[in-house]
4 protein chains.
Amino acid sequence: MSHPAIFNTIALVGRHSDERVAESLHLLAGHLEERGRQVCVDARAAQLAPRALHLTEPELATHADLIVAIGGDGTMLHAARLALAADVPLLGVNRGRLGFLADIGPAQARDQLDDVLAGRFEREARSMLRATLRREDGTTQESTALNDVVLQKWETGRILEFETWIDGQYVNTHGGDGLIVATATGSTAYALSCGGPILHPALDATVLVPICPHTLSDRPIAVNSSARIEIRLVQRQQTKAQITCDGMLLGDLTAQDRVVIGPASTKVTLLHPVGHDYYRVLRSKLHWGRGGQEQQRN
Amino acid sequence: MSHPAIFNTIALVGRHSDERVAESLHLLAGHLEERGRQVCVDARAAQLAPRALHLTEPELATHADLIVAIGGDGTMLHAARLALAADVPLLGVNRGRLGFLADIGPAQARDQLDDVLAGRFEREARSMLRATLRREDGTTQESTALNDVVLQKWETGRILEFETWIDGQYVNTHGGDGLIVATATGSTAYALSCGGPILHPALDATVLVPICPHTLSDRPIAVNSSARIEIRLVQRQQTKAQITCDGMLLGDLTAQDRVVIGPASTKVTLLHPVGHDYYRVLRSKLHWGRGGQEQQRN
Amino acid sequence: MSHPAIFNTIALVGRHSDERVAESLHLLAGHLEERGRQVCVDARAAQLAPRALHLTEPELATHADLIVAIGGDGTMLHAARLALAADVPLLGVNRGRLGFLADIGPAQARDQLDDVLAGRFEREARSMLRATLRREDGTTQESTALNDVVLQKWETGRILEFETWIDGQYVNTHGGDGLIVATATGSTAYALSCGGPILHPALDATVLVPICPHTLSDRPIAVNSSARIEIRLVQRQQTKAQITCDGMLLGDLTAQDRVVIGPASTKVTLLHPVGHDYYRVLRSKLHWGRGGQEQQRN
Amino acid sequence: MSHPAIFNTIALVGRHSDERVAESLHLLAGHLEERGRQVCVDARAAQLAPRALHLTEPELATHADLIVAIGGDGTMLHAARLALAADVPLLGVNRGRLGFLADIGPAQARDQLDDVLAGRFEREARSMLRATLRREDGTTQESTALNDVVLQKWETGRILEFETWIDGQYVNTHGGDGLIVATATGSTAYALSCGGPILHPALDATVLVPICPHTLSDRPIAVNSSARIEIRLVQRQQTKAQITCDGMLLGDLTAQDRVVIGPASTKVTLLHPVGHDYYRVLRSKLHWGRGGQEQQRN
């Protein structure tokens, strides 16, 4: 499963205001430079890697052959948008606690980076979503998401009513707190808290998960990831909604607007250590098999 | 979306001990014979269609160019196994209540059959599962399922413990009442009652849904329908389990046996009236949008 | 089950900007005046009941021997706060669709009001909650709720983290979208959409229902309605929360504040037609027994 | 909260075929005899406690002032039936893993038993259920349960249809795999796996939890523990059901029979170490607050 690849220029990204991230960034920059690689970092982290190229964040992705994200899965989500835009592979180093996405521990980071530099890694393509908010006046706002595009009520009290359409077919009129449109990657994030299924990353699927739906039979629906999903608010007084992509605000939604969600034009490439095991990550993160919930069954 | 097809010989199947089924079978046999088609029916229903060919059930499928199942979704499941084995398309006529699978009402049956004979229909391929029970002594038992393969505890009281493996990778050790392995078609059947997602029939996916799992984070997982799923009981005193395919007993499971579930070698072909709308069926069957659950949200 | 009661002065309340409510209010005012009762209405609805006393809303409750709420369950929630404060019984007339609380249909309203005036009714006491928001600076804000007190994240993206304490005992630190503290009455409202149980109104219980909890074993807990429930935010950057009582904003919550929720000092009294059947209302509102979800179970 | 109590004769019960149970039983018997107490054990465990009284199991409860159950929660359920029948308090010693009911660890067992002998303990009354199976021919079978009375389909495939009545009022006609009627104690057992709420043990409530219900709005209902719950099968071909009490078979159910479930005439008394904390047990058993499910929420 390893692939020939030459990673000459490597961007290190992370929330360097976090001490542990800063420390890892400093160590890894030095390590990669010893290995003869050109490191580049955000100009705001210049003092952590004085010999690196100091660039703006968008420049990081376009200059690099590989992005190494240091931090939690939130950092990975952010880095995935950079990686997608520049079509650069992405590797995640966590800060000590296994992530769904950042699966290299800090203790193993240098050895596993050496493996990657030597071509020993597994390559995994993950689907991303593209959300487009189409305003009544014809203007649009767009963003991509590795986890999910979320429609949520905004301002309290009132139930949100909205219609869903898939590939031009009317699906349902929903009442509730909102809707999560999640990739396989996002199926273990917010969608899971709302009763959604786990989607294996190799399954080309997108899942629509209603948030606290009014109607109890309003269940998650998984569709092909090529599906074009459209959401429209039902015109009602006093409802407001927001659209977020991986937790970042895309914009407010009014009854005249539409959100269209479909696959991003390409996938993002994650690199993993050889022997990466998705189910092992699931077992660890979901606390399976440690006795789990020990209720008495007589 | 219509396809050229010549349906000269048409098998009518259904539980003819049910009066409404018998009546529909009689009427449709006469109608098809008026249209110059050769009808064939189960020999036990000979008096309902005296001019038809009277065959054994397995012969019905191999003689026919088209199977018309009359009844509920249970009849469709049964007919699907016949249709799959003989690679013949299948059309469902319900007895008055829309089914997930039997989507032609009795009132429209003659007109819609005429449409089908004239080549006006939509063709949909549905994935089926093949389950193989491998005994310790090397013997095997096999069956196919359009809805689901279910592992269930058998004899009360004790919790069932079992391991799942997907494509050779260990997934989890589960405690609970059992496991449903469902196709997209079966995702709206038993699996839905156990918290599983709805899978659109065009999504090539299989979902594993734990039944009343001991561990609350033991959630449904959807995988590619090509996946090879293996289930083994954990050796414990007094546990017994059964495997059913679409509700039909495949066999008992002991700790030395294994169940292997994968895709059937071909798909079954369903015929639908032109304009068939999966989401309309969902809305109708799940009572969406009729006010649903009218609880007060302030 | 009927009780002697003299209802000489009757307040009619409702959202009179709604035409159907205005019409019912007008008709019922006339009807009650024919029966020799003093009617009182909100001064803003004076033209709908010209001979009635025209008062401010708080005056309505203190003047009346009975409050008749016309509208949906939202109107009932509002009227319940008035009724509780003044210790006056409450009767609900719906606008054509059975409510959980407003169980007299418009067609039967005059006859059933006559029954009530004649002492033929059933009296039911419903628990209410009192929520107190205790600010760091010692100031407090208070409100009551018939359905629920809800803590919800405010401003998108970030997960909310908060601690719960019951009768001085630490319960849990929760991550998620918030928490619903619901009465039995509120158990069929928002709490039901979040996976909460139905609590029979005669059960003296309050239920804590986490909203989209991060941890899947973070399940609803029902406790005695006398319990004193305290909620504190975990100090984190950028989290904001709101507290609502029956959907009305009580205030924003910061990490230094506490919310204390306990039983209101008295219960509110609902009047029902003789033969009122809670389970019949459940069956109707939750669409039980109409075939429900018709998925095929083989 | 401690109470004067003289525990002169103490019954030790447990599955002595389990080595760890046998070892604890032997040690505790010696310890209690050193403290001048009369110990009594099942005659089949005579060699583990040679100086003890050797009795039949029913005699154990009637001779003792206190029952100490050694083992898991299954042993506690069994001991609770003995304790209830004889109105003797019950204390649980686990085998090394905290139980919901057996909350004294083996390492602390001797010290905490000394505390109990000295009157330092907390007393907690737990509701139990009484189930009566009334046959068509007038015969009855009865049993009690500390956790739950469970109606379950028996023989595979077919859905079970049954009616529920509470205090003489018709509630619903259910389709599915069965129904759990659970006490507060049982709410953290099987009922939790089926979507039931946690009921605090001090709440006098019983919860009806449908097992894999056909209709998704068929949700758990909590009622007063004084409620009289009646279950009747809907007459259908081929359905069979079983009734179990705490996992022990009470009998098979046919469409002519009825099950009536109500509170046992008395409660069972559990003794706990001083400082017993129900929520601490919940946190430990349900893995709350250990990071729980660490899915990424952006």
# chains A, B, ... in the order shown; residues from 1 in each chain; ligands from 1
>>> residues_around(residues="stretch 6-16 of chain A", least_positions_apart="2", cutoff="9 Å", atoms="only C-alpha atoms", output="ChimeraX atom specification")
/A:4,18-23,25,28-29,32,36-42,44-45,48,57,60-61,63-72,75-76,79,116-119
>>> interface_residues(of="chain B", to="chain D", cutoff="10 Å", atoms="only C-alpha atoms", output="PyMOL selection string")
chain B and resi 150+152-159+176-177+189-195+211-217+242-249+286+292-293
>>> select_by_dssp(residues="stretch 90-269 of chain A", states="alpha helix (DSSP H)", output="list in words")
Ala109, Arg110, Asp111, Gln112, Leu113, Asp114, Asp115, Val116, Leu117, Tyr190, Ala191, Leu192 and Ser193 of chain A
>>> write_last_selection(atoms="N, CA and C atoms", output="compact mmCIF listing (two decimals), in the first residue's frame")
# COMPACT_ATOMS: atom_id res chain seq x y z
N ALA A 109 6.01 10.37 16.73
CA ALA A 109 5.88 11.25 15.58
C ALA A 109 7.16 11.26 14.72
N ARG A 110 8.32 11.34 15.36
CA ARG A 110 9.54 11.44 14.56
C ARG A 110 9.79 10.16 13.76
N ASP A 111 9.64 9.00 14.43
CA ASP A 111 9.86 7.73 13.72
C ASP A 111 8.86 7.57 12.58
N GLN A 112 7.62 7.94 12.86
CA GLN A 112 6.61 7.70 11.83
C GLN A 112 6.75 8.72 10.69
N LEU A 113 7.24 9.91 11.01
CA LEU A 113 7.53 10.86 9.93
C LEU A 113 8.67 10.33 9.06
N ASP A 114 9.68 9.71 9.71
CA ASP A 114 10.77 9.12 8.93
C ASP A 114 10.23 8.05 7.99
N ASP A 115 9.30 7.24 8.50
CA ASP A 115 8.68 6.22 7.65
C ASP A 115 7.99 6.87 6.45
N VAL A 116 7.27 7.93 6.72
CA VAL A 116 6.55 8.59 5.64
C VAL A 116 7.53 9.15 4.61
N LEU A 117 8.62 9.77 5.10
CA LEU A 117 9.61 10.32 4.18
C LEU A 117 10.22 9.22 3.32
N TYR A 190 -20.49 15.14 15.26
CA TYR A 190 -21.77 15.65 15.77
C TYR A 190 -22.93 14.72 15.39
N ALA A 191 -22.89 14.20 14.17
CA ALA A 191 -23.98 13.35 13.68
C ALA A 191 -24.23 12.16 14.61
N LEU A 192 -23.16 11.63 15.20
CA LEU A 192 -23.30 10.46 16.07
C LEU A 192 -24.09 10.82 17.33
N SER A 193 -23.89 12.04 17.84
CA SER A 193 -24.64 12.50 19.01
C SER A 193 -26.12 12.67 18.72
>>> residues_around(residues="C:Phe162", least_positions_apart="4", cutoff="6 Å", atoms="only C-alpha atoms", output="list in words")
Thr173, His174, Arg232, Leu233 and Val234 of chain C
>>> closest_residue(among="A:Asn94, A:Leu129, A:Leu55, A:His26", to="A:Thr266", atoms="only C-alpha atoms")
A:Leu129
>>> residues_around(residues="C:Ile231", least_positions_apart="6", cutoff="8 Å", atoms="only C-alpha atoms", output="PyMOL selection string")
chain C and resi 162-165+258-260
>>> write_last_selection(atoms="N, CA and C atoms", output="tab-separated table (two decimals), in the first residue's frame")
chain	number	residue	atom	x	y	z
C	162	PHE	N	-21.08	21.41	30.89
C	162	PHE	CA	-21.74	21.87	32.11
C	162	PHE	C	-21.85	20.72	33.10
C	163	GLU	N	-21.93	21.12	34.37
C	163	GLU	CA	-22.07	20.13	35.44
C	163	GLU	C	-23.50	20.14	35.96
C	164	THR	N	-23.98	18.95	36.36
C	164	THR	CA	-25.27	18.87	37.01
C	164	THR	C	-25.10	18.36	38.44
C	165	TRP	N	-25.89	18.92	39.31
C	165	TRP	CA	-25.93	18.54	40.72
C	165	TRP	C	-27.39	18.34	41.10
C	258	ARG	N	-25.12	30.32	38.18
C	258	ARG	CA	-25.71	29.00	38.42
C	258	ARG	C	-27.19	29.05	38.11
C	259	VAL	N	-27.72	27.98	37.65
C	259	VAL	CA	-29.17	27.84	37.52
C	259	VAL	C	-29.61	26.81	38.54
C	260	VAL	N	-30.62	27.17	39.30
C	260	VAL	CA	-31.18	26.23	40.26
C	260	VAL	C	-32.63	26.00	39.86
>>> atom_distance(atom1="atom CA of A:Leu179", atom2="atom CA of A:Thr269")
26.9 Å
>>> select_by_dssp(residues="stretch 49-264 of chain D", states="strand (DSSP E)", output="PyMOL selection string")
chain D and resi 53-55+66-70+90-93+122-126+129-134+140-145+148-153+160-166+169-176+178-182+198-199+205-211+221-224+229-233+241-245+248-253+258-263
>>> atom_distance(atom1="atom CA of B:Arg135", atom2="atom CA of B:Asp257")
4.7 Å
>>> residues_around(residues="C:Gly196", least_positions_apart="2", cutoff="10 Å", atoms="only C-alpha atoms", output="list in words")
Ile180, Ala182, Ser187, Thr188, Ala189, Tyr190, Ala191, Leu192, Ser193, Cys194, Ile198, Leu199, Val207, Leu208, Val209, Pro210, Ile211, Arg219, Pro220, Ile221 and Ala222 of chain C; Gly195, Gly196, Pro197, Ile198, Arg219, Pro220 and Ile221 of chain D
>>> write_last_selection(atoms="N, CA and C atoms", output="PDB file, in the first residue's frame")
ATOM      1  N   ILE C 180     -32.351  19.612  28.922  1.00  0.00           N
ATOM      2  CA  ILE C 180     -33.756  19.929  29.170  1.00  0.00           C
ATOM      3  C   ILE C 180     -34.117  19.383  30.536  1.00  0.00           C
ATOM      4  N   ALA C 182     -37.426  18.747  32.375  1.00  0.00           N
ATOM      5  CA  ALA C 182     -38.838  18.748  31.999  1.00  0.00           C
ATOM      6  C   ALA C 182     -39.717  18.175  33.097  1.00  0.00           C
ATOM      7  N   SER C 187     -42.686  16.323  29.273  1.00  0.00           N
ATOM      8  CA  SER C 187     -42.007  15.119  28.774  1.00  0.00           C
ATOM      9  C   SER C 187     -42.462  14.759  27.364  1.00  0.00           C
ATOM     10  N   THR C 188     -43.636  15.219  26.963  1.00  0.00           N
ATOM     11  CA  THR C 188     -44.099  14.937  25.593  1.00  0.00           C
ATOM     12  C   THR C 188     -43.813  16.105  24.653  1.00  0.00           C
ATOM     13  N   ALA C 189     -43.041  17.081  25.124  1.00  0.00           N
ATOM     14  CA  ALA C 189     -42.690  18.232  24.280  1.00  0.00           C
ATOM     15  C   ALA C 189     -41.248  18.069  23.776  1.00  0.00           C
ATOM     16  N   TYR C 190     -40.440  19.059  23.933  1.00  0.00           N
ATOM     17  CA  TYR C 190     -39.073  19.051  23.401  1.00  0.00           C
ATOM     18  C   TYR C 190     -38.288  17.833  23.901  1.00  0.00           C
ATOM     19  N   ALA C 191     -38.483  17.482  25.162  1.00  0.00           N
ATOM     20  CA  ALA C 191     -37.732  16.369  25.755  1.00  0.00           C
ATOM     21  C   ALA C 191     -37.913  15.077  24.967  1.00  0.00           C
ATOM     22  N   LEU C 192     -39.097  14.876  24.406  1.00  0.00           N
ATOM     23  CA  LEU C 192     -39.369  13.643  23.651  1.00  0.00           C
ATOM     24  C   LEU C 192     -38.527  13.589  22.382  1.00  0.00           C
ATOM     25  N   SER C 193     -38.322  14.745  21.762  1.00  0.00           N
ATOM     26  CA  SER C 193     -37.489  14.801  20.550  1.00  0.00           C
ATOM     27  C   SER C 193     -36.028  14.493  20.847  1.00  0.00           C
ATOM     28  N   CYS C 194     -35.648  14.640  22.115  1.00  0.00           N
ATOM     29  CA  CYS C 194     -34.250  14.426  22.493  1.00  0.00           C
ATOM     30  C   CYS C 194     -34.051  13.070  23.150  1.00  0.00           C
ATOM     31  N   ILE C 198     -41.708   9.320  28.205  1.00  0.00           N
ATOM     32  CA  ILE C 198     -42.990   9.924  28.560  1.00  0.00           C
ATOM     33  C   ILE C 198     -43.192   9.705  30.056  1.00  0.00           C
ATOM     34  N   LEU C 199     -43.494  10.765  30.786  1.00  0.00           N
ATOM     35  CA  LEU C 199     -43.806  10.628  32.217  1.00  0.00           C
ATOM     36  C   LEU C 199     -45.300  10.864  32.392  1.00  0.00           C
ATOM     37  N   VAL C 207     -37.594  15.137  34.709  1.00  0.00           N
ATOM     38  CA  VAL C 207     -36.602  14.379  33.955  1.00  0.00           C
ATOM     39  C   VAL C 207     -35.559  15.326  33.372  1.00  0.00           C
ATOM     40  N   LEU C 208     -34.289  14.910  33.481  1.00  0.00           N
ATOM     41  CA  LEU C 208     -33.169  15.650  32.901  1.00  0.00           C
ATOM     42  C   LEU C 208     -32.792  14.954  31.598  1.00  0.00           C
ATOM     43  N   VAL C 209     -32.925  15.656  30.497  1.00  0.00           N
ATOM     44  CA  VAL C 209     -32.664  15.051  29.182  1.00  0.00           C
ATOM     45  C   VAL C 209     -31.545  15.824  28.490  1.00  0.00           C
ATOM     46  N   PRO C 210     -30.376  15.200  28.331  1.00  0.00           N
ATOM     47  CA  PRO C 210     -29.285  15.870  27.614  1.00  0.00           C
ATOM     48  C   PRO C 210     -29.652  16.064  26.140  1.00  0.00           C
ATOM     49  N   ILE C 211     -29.274  17.191  25.578  1.00  0.00           N
ATOM     50  CA  ILE C 211     -29.535  17.484  24.168  1.00  0.00           C
ATOM     51  C   ILE C 211     -28.296  17.110  23.358  1.00  0.00           C
ATOM     52  N   ARG C 219     -27.592   9.448  29.426  1.00  0.00           N
ATOM     53  CA  ARG C 219     -29.006   9.187  29.145  1.00  0.00           C
ATOM     54  C   ARG C 219     -29.922  10.013  30.048  1.00  0.00           C
ATOM     55  N   PRO C 220     -31.190  10.148  29.688  1.00  0.00           N
ATOM     56  CA  PRO C 220     -32.140  10.857  30.539  1.00  0.00           C
ATOM     57  C   PRO C 220     -32.236  10.223  31.935  1.00  0.00           C
ATOM     58  N   ILE C 221     -32.344  11.068  32.942  1.00  0.00           N
ATOM     59  CA  ILE C 221     -32.534  10.602  34.326  1.00  0.00           C
ATOM     60  C   ILE C 221     -33.803  11.226  34.875  1.00  0.00           C
ATOM     61  N   ALA C 222     -34.697  10.386  35.394  1.00  0.00           N
ATOM     62  CA  ALA C 222     -35.903  10.893  36.050  1.00  0.00           C
ATOM     63  C   ALA C 222     -35.708  10.860  37.556  1.00  0.00           C
TER      64      ALA C 222
ATOM     65  N   GLY D 195     -33.452   1.785  25.233  1.00  0.00           N
ATOM     66  CA  GLY D 195     -33.798   3.191  25.098  1.00  0.00           C
ATOM     67  C   GLY D 195     -34.573   3.754  26.275  1.00  0.00           C
ATOM     68  N   GLY D 196     -34.648   3.012  27.361  1.00  0.00           N
ATOM     69  CA  GLY D 196     -35.354   3.511  28.540  1.00  0.00           C
ATOM     70  C   GLY D 196     -34.529   4.538  29.288  1.00  0.00           C
ATOM     71  N   PRO D 197     -35.206   5.337  30.138  1.00  0.00           N
ATOM     72  CA  PRO D 197     -34.509   6.339  30.944  1.00  0.00           C
ATOM     73  C   PRO D 197     -33.932   5.699  32.199  1.00  0.00           C
ATOM     74  N   ILE D 198     -33.029   6.415  32.840  1.00  0.00           N
ATOM     75  CA  ILE D 198     -32.571   6.049  34.180  1.00  0.00           C
ATOM     76  C   ILE D 198     -33.585   6.611  35.176  1.00  0.00           C
ATOM     77  N   ARG D 219     -42.754   5.041  22.637  1.00  0.00           N
ATOM     78  CA  ARG D 219     -41.621   5.390  23.510  1.00  0.00           C
ATOM     79  C   ARG D 219     -41.845   4.878  24.943  1.00  0.00           C
ATOM     80  N   PRO D 220     -40.791   4.801  25.730  1.00  0.00           N
ATOM     81  CA  PRO D 220     -40.948   4.411  27.128  1.00  0.00           C
ATOM     82  C   PRO D 220     -41.900   5.344  27.886  1.00  0.00           C
ATOM     83  N   ILE D 221     -42.699   4.751  28.757  1.00  0.00           N
ATOM     84  CA  ILE D 221     -43.606   5.528  29.621  1.00  0.00           C
ATOM     85  C   ILE D 221     -43.306   5.179  31.069  1.00  0.00           C
TER      86      ILE D 221
END
>>> atom_distance(atom1="atom CA of A:Gly186", atom2="atom CA of A:Thr239")
26.5 Å
